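> Dropping in coords29.cif, which is mmCIF, C-alpha atoms:
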data_entry
loop_
_atom_site.group_PDB
_atom_site.id
_atom_site.type_symbol
_atom_site.label_atom_id
_atom_site.label_comp_id
_atom_site.auth_asym_id
_atom_site.auth_seq_id
_atom_site.Cartn_x
_atom_site.Cartn_y
_atom_site.Cartn_z
ATOM 1 C CA GLN A 208 1.290 -13.245 -14.836
ATOM 2 C CA VAL A 209 2.235 -10.512 -12.413
ATOM 3 C CA GLN A 210 3.195 -11.233 -8.816
ATOM 4 C CA LEU A 211 3.421 -8.687 -6.039
ATOM 5 C CA VAL A 212 5.410 -9.690 -2.979
ATOM 6 C CA GLU A 213 5.276 -7.768 0.271
ATOM 7 C CA SER A 214 7.920 -7.823 2.978
ATOM 8 C CA GLY A 215 8.753 -6.012 6.195
ATOM 9 C CA GLY A 216 5.849 -6.944 8.415
ATOM 10 C CA GLY A 217 6.287 -8.101 11.971
ATOM 11 C CA LEU A 218 5.664 -7.395 15.622
ATOM 12 C CA VAL A 219 6.321 -3.891 16.921
ATOM 13 C CA GLN A 220 5.525 -2.067 20.134
ATOM 14 C CA PRO A 221 3.115 0.863 20.197
ATOM 15 C CA GLY A 222 4.908 4.008 19.087
ATOM 16 C CA GLY A 223 7.369 2.039 17.006
ATOM 17 C CA SER A 224 8.010 2.017 13.269
ATOM 18 C CA LEU A 225 7.985 -0.475 10.433
ATOM 19 C CA ARG A 226 8.779 -0.207 6.769
ATOM 20 C CA LEU A 227 6.846 -2.351 4.335
ATOM 21 C CA SER A 228 8.134 -3.026 0.856
ATOM 22 C CA CYS A 229 6.516 -4.436 -2.236
ATOM 23 C CA ALA A 230 8.075 -5.566 -5.473
ATOM 24 C CA ALA A 231 6.451 -6.795 -8.644
ATOM 25 C CA SER A 232 7.745 -9.605 -10.798
ATOM 26 C CA GLY A 233 6.595 -11.664 -13.712
ATOM 27 C CA ARG A 234 5.162 -10.267 -16.886
ATOM 28 C CA PRO A 235 6.605 -6.817 -17.511
ATOM 29 C CA PHE A 236 4.259 -3.931 -16.963
ATOM 30 C CA SER A 237 4.480 -0.331 -15.896
ATOM 31 C CA SER A 238 2.599 0.556 -12.780
ATOM 32 C CA VAL A 239 0.783 3.826 -12.883
ATOM 33 C CA VAL A 240 -0.706 3.416 -9.445
ATOM 34 C CA MET A 241 0.571 1.346 -6.540
ATOM 35 C CA GLY A 242 -0.977 1.269 -3.144
ATOM 36 C CA TRP A 243 -1.430 -0.352 0.224
ATOM 37 C CA PHE A 244 -4.590 -1.695 1.733
ATOM 38 C CA ARG A 245 -5.053 -3.428 5.060
ATOM 39 C CA GLN A 246 -7.492 -5.758 6.709
ATOM 40 C CA CYS A 247 -7.803 -5.387 10.438
ATOM 41 C CA PRO A 248 -9.141 -8.315 12.466
ATOM 42 C CA GLY A 249 -12.874 -8.666 11.984
ATOM 43 C CA LYS A 250 -13.069 -5.832 9.468
ATOM 44 C CA GLU A 251 -13.201 -5.393 5.729
ATOM 45 C CA ARG A 252 -10.125 -4.498 3.748
ATOM 46 C CA GLU A 253 -9.544 -0.750 3.669
ATOM 47 C CA PHE A 254 -7.404 1.732 1.800
ATOM 48 C CA VAL A 255 -4.229 2.959 3.484
ATOM 49 C CA ALA A 256 -2.126 4.835 0.938
ATOM 50 C CA ALA A 257 -1.369 5.042 -2.763
ATOM 51 C CA ILE A 258 1.044 6.707 -5.126
ATOM 52 C CA ARG A 259 0.136 7.673 -8.669
ATOM 53 C CA TRP A 260 2.676 8.570 -11.289
ATOM 54 C CA ALA A 261 2.011 11.048 -14.079
ATOM 55 C CA GLY A 262 5.134 11.545 -16.163
ATOM 56 C CA THR A 263 7.793 13.016 -13.918
ATOM 57 C CA LEU A 264 5.242 13.917 -11.282
ATOM 58 C CA TYR A 265 3.737 11.756 -8.613
ATOM 59 C CA TYR A 266 0.800 12.166 -6.286
ATOM 60 C CA SER A 267 0.317 10.567 -2.885
ATOM 61 C CA TYR A 268 -2.959 9.630 -1.257
ATOM 62 C CA TYR A 269 -3.600 8.649 2.354
ATOM 63 C CA SER A 270 -6.451 7.505 4.504
ATOM 64 C CA ASP A 271 -7.289 9.671 7.480
ATOM 65 C CA ALA A 272 -5.778 7.003 9.734
ATOM 66 C CA ALA A 273 -2.486 7.108 7.835
ATOM 67 C CA LYS A 274 -2.061 10.858 7.385
ATOM 68 C CA GLY A 275 0.810 12.279 9.358
ATOM 69 C CA ARG A 276 2.144 8.880 10.387
ATOM 70 C CA PHE A 277 2.649 6.863 7.198
ATOM 71 C CA THR A 278 4.625 7.807 4.104
ATOM 72 C CA ILE A 279 4.376 6.044 0.763
ATOM 73 C CA SER A 280 7.207 6.074 -1.749
ATOM 74 C CA GLY A 281 8.018 4.134 -4.846
ATOM 75 C CA ASP A 282 9.683 3.646 -8.170
ATOM 76 C CA ASN A 283 7.275 2.940 -11.000
ATOM 77 C CA ALA A 284 10.076 2.025 -13.386
ATOM 78 C CA LYS A 285 11.004 -0.801 -11.030
ATOM 79 C CA ASN A 286 7.439 -1.509 -9.903
ATOM 80 C CA LYS A 287 8.377 -1.074 -6.270
ATOM 81 C CA VAL A 288 6.551 0.696 -3.500
ATOM 82 C CA ALA A 289 7.261 1.126 0.187
ATOM 83 C CA LEU A 290 5.246 2.245 3.170
ATOM 84 C CA GLN A 291 7.042 3.827 6.100
ATOM 85 C CA MET A 292 4.855 3.533 9.163
ATOM 86 C CA ASN A 293 5.671 5.576 12.254
ATOM 87 C CA SER A 294 3.946 6.077 15.586
ATOM 88 C CA LEU A 295 2.202 2.762 15.214
ATOM 89 C CA LYS A 296 -0.859 2.021 17.296
ATOM 90 C CA PRO A 297 -2.555 -1.248 18.227
ATOM 91 C CA ASP A 298 -5.361 -0.265 15.821
ATOM 92 C CA ASP A 299 -2.823 -0.541 12.988
ATOM 93 C CA THR A 300 -2.637 -4.286 13.542
ATOM 94 C CA ALA A 301 -3.674 -5.850 10.247
ATOM 95 C CA VAL A 302 -2.610 -7.778 7.205
ATOM 96 C CA TYR A 303 -1.206 -5.229 4.782
ATOM 97 C CA TYR A 304 -1.644 -5.812 1.062
ATOM 98 C CA CYS A 305 0.201 -4.270 -1.842
ATOM 99 C CA ALA A 306 -1.787 -3.467 -4.954
ATOM 100 C CA ALA A 307 -0.913 -2.172 -8.389
ATOM 101 C CA ASN A 308 -2.682 -0.996 -11.484
ATOM 102 C CA PRO A 309 -1.168 -0.557 -14.928
ATOM 103 C CA GLY A 310 -3.666 2.094 -15.838
ATOM 104 C CA SER A 311 -4.261 5.461 -14.280
ATOM 105 C CA LEU A 312 -6.841 5.851 -11.572
ATOM 106 C CA THR A 313 -8.415 9.136 -10.735
ATOM 107 C CA GLY A 314 -10.638 10.511 -8.076
ATOM 108 C CA SER A 315 -12.245 8.007 -5.769
ATOM 109 C CA ASP A 316 -10.935 5.070 -7.828
ATOM 110 C CA VAL A 317 -7.542 5.453 -6.143
ATOM 111 C CA TYR A 318 -9.170 4.525 -2.857
ATOM 112 C CA THR A 319 -11.188 1.617 -4.246
ATOM 113 C CA GLU A 320 -9.714 -1.872 -4.002
ATOM 114 C CA GLY A 321 -11.811 -3.159 -6.886
ATOM 115 C CA ARG A 322 -9.994 -0.829 -9.255
ATOM 116 C CA TYR A 323 -6.588 -2.465 -8.749
ATOM 117 C CA ASP A 324 -5.629 -5.319 -11.050
ATOM 118 C CA TYR A 325 -2.776 -6.907 -9.126
ATOM 119 C CA TRP A 326 -2.482 -7.882 -5.491
ATOM 120 C CA GLY A 327 0.071 -9.356 -3.151
ATOM 121 C CA ARG A 328 -0.709 -12.018 -0.564
ATOM 122 C CA GLY A 329 -0.217 -9.679 2.352
ATOM 123 C CA THR A 330 2.149 -9.250 5.250
ATOM 124 C CA GLN A 331 1.120 -9.283 8.899
ATOM 125 C CA VAL A 332 1.733 -6.237 11.052
ATOM 126 C CA THR A 333 1.085 -6.615 14.762
ATOM 127 C CA VAL A 334 1.347 -3.660 17.114
ATOM 128 C CA SER A 335 1.386 -4.834 20.701
ATOM 129 C CA SER A 336 3.306 -4.431 23.907
#
Once more with this new file: its structure as C-alpha cells, please.


Amino acid sequence: QVQLVESGGGLVQPGGSLRLSCAASGRPFSSVVMGWFRQCPGKEREFVAAIRWAGTLYYSYYSDAAKGRFTISGDNAKNKVALQMNSLKPDDTAVYYCAANPGSLTGSDVYTEGRYDYWGRGTQVTVSS
C-alpha cells in the first residue's frame, strides 16, 4: 500500500505565499509523475501542476491559474514533490491533493485526475484577509 501525505497548508493573506509538500511512504515504488490537484469550495477537483520525470530530464505542467505564480519541484527517487505558491488569491482557497503515478503519463493524461493511481488526503489552503 502506498500513502501520500501532504503538509504545508494553512491560512494566508492575499498576496502571500505557501509551500506545500508531499511525501510517499509504504510499498516502494518509483514515481514517474507526481502532481497537485485542488478542489475549491463548491467545485470539482481540478488540475494544478505536475512534474514528469524521464531519465535525467523532467517536465513541468501547470494550469492556466497556476502559471507564473506556482512552481512545482520534486525528487522522484525519494517520491517527494513540493508546490511553491506565490501571489496567492482568495480564488486559490481549496483543499490541495497530492497525486502520483508509477507509470508515465503523456499528453492530456497528465492533467487528468483519473490517470493517477495514488492520492493523498489533502491539505487545506485558505487565502483570506

> Would you pick out the contacts of range 214-229 of chain A at 7 Å or less, using only C-alpha atoms, so that residues sharing its chain but fewer than 6 positions from it are not included, and give the list as a PyMOL selection string?

chain A and resi 287-297+305+330-336

> Counting all atoms listed in the file, which residue out of A:Arg245, A:Ala284, A:Glu213, A:Trp326 sits closest to Gly262 in chain A?

A:Ala284

> Would you translate the PyMOL selection byres ((chain A and resi 269) around 7) into the concrete set of residues it matches in this file, as a list in words?

Val255, Ala256, Ala257, Ser267, Tyr268, Ser270, Asp271, Ala273 and Lys274 of chain A

> In Å, with one decimal, what is the gap from CA of Ala231 in chain A to CA of Gly281 in chain A?

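Interatomic distance, CA of Ala231 in chain A to CA of Gly281 in chain A: 11.7 Å.
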
> Show me the residues around (3.8, -12.7, -13.1) - criterion: an atom at most 6 Å away, only C-alpha atoms counted - as a list in words.

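Collected hits near the coordinates: Gln208, Val209, Gln210, Ser232, Gly233 and Arg234 of chain A.
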
> Just checking: using all atoms listed in the file, which residue out of A:Leu312, A:Arg328, A:Leu211, A:Ala301 ends up closest to Gly249 in chain A?

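Result for the nearest residue to Gly249 in chain A: A:Ala301.
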
> On this structure, which residues satisfy the PyMOL selection byres ((chain A and resi 304) around 6), written as a list in words?

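After applying the PyMOL selection byres ((chain A and resi 304) around 6), what remains is Trp243, Phe244, Arg245, Tyr303, Cys305, Gly327 and Gly329 of chain A.
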
> Kindly output range 215-230 of chain A as a compact mmCIF listing (two decimals), keeping the file's coordinate frame, after building N, CA, C and O atoms.


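Everything below was put into rebuild.txt:
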# COMPACT_ATOMS: atom_id res chain seq x y z
N GLY A 215 8.53 -7.03 5.17
CA GLY A 215 8.75 -6.01 6.20
C GLY A 215 7.78 -6.02 7.35
O GLY A 215 7.92 -5.24 8.29
N GLY A 216 6.78 -6.88 7.30
CA GLY A 216 5.85 -6.94 8.41
C GLY A 216 6.49 -7.57 9.64
O GLY A 216 7.61 -8.07 9.61
N GLY A 217 5.77 -7.51 10.74
CA GLY A 217 6.29 -8.10 11.97
C GLY A 217 5.59 -7.57 13.19
O GLY A 217 4.53 -6.93 13.10
N LEU A 218 6.20 -7.83 14.33
CA LEU A 218 5.66 -7.40 15.62
C LEU A 218 6.43 -6.15 16.07
O LEU A 218 7.66 -6.14 16.05
N VAL A 219 5.70 -5.14 16.47
CA VAL A 219 6.32 -3.89 16.92
C VAL A 219 5.53 -3.35 18.10
O VAL A 219 4.31 -3.56 18.19
N GLN A 220 6.20 -2.66 18.99
CA GLN A 220 5.52 -2.07 20.13
C GLN A 220 4.81 -0.78 19.73
O GLN A 220 5.20 -0.13 18.76
N PRO A 221 3.78 -0.42 20.47
CA PRO A 221 3.12 0.86 20.20
C PRO A 221 4.11 2.02 20.21
O PRO A 221 5.00 2.07 21.06
N GLY A 222 3.98 2.90 19.23
CA GLY A 222 4.91 4.01 19.09
C GLY A 222 6.09 3.70 18.20
O GLY A 222 6.86 4.61 17.84
N GLY A 223 6.24 2.44 17.83
CA GLY A 223 7.37 2.04 17.01
C GLY A 223 7.12 2.26 15.53
O GLY A 223 6.09 2.82 15.12
N SER A 224 8.07 1.82 14.72
CA SER A 224 8.01 2.02 13.27
C SER A 224 8.27 0.71 12.54
O SER A 224 8.96 -0.19 13.05
N LEU A 225 7.72 0.63 11.36
CA LEU A 225 7.98 -0.48 10.43
C LEU A 225 8.00 0.09 9.03
O LEU A 225 7.31 1.07 8.74
N ARG A 226 8.75 -0.57 8.18
CA ARG A 226 8.78 -0.21 6.77
C ARG A 226 8.39 -1.42 5.95
O ARG A 226 9.07 -2.45 5.98
N LEU A 227 7.30 -1.29 5.23
CA LEU A 227 6.85 -2.35 4.34
C LEU A 227 7.35 -2.07 2.93
O LEU A 227 7.40 -0.92 2.49
N SER A 228 7.69 -3.14 2.24
CA SER A 228 8.13 -3.03 0.86
C SER A 228 7.33 -3.97 -0.02
O SER A 228 6.84 -5.00 0.45
N CYS A 229 7.23 -3.61 -1.28
CA CYS A 229 6.52 -4.44 -2.24
C CYS A 229 7.24 -4.36 -3.56
O CYS A 229 7.60 -3.27 -4.03
N ALA A 230 7.44 -5.52 -4.17
CA ALA A 230 8.07 -5.57 -5.47
C ALA A 230 7.26 -6.45 -6.40
O ALA A 230 6.71 -7.48 -5.98
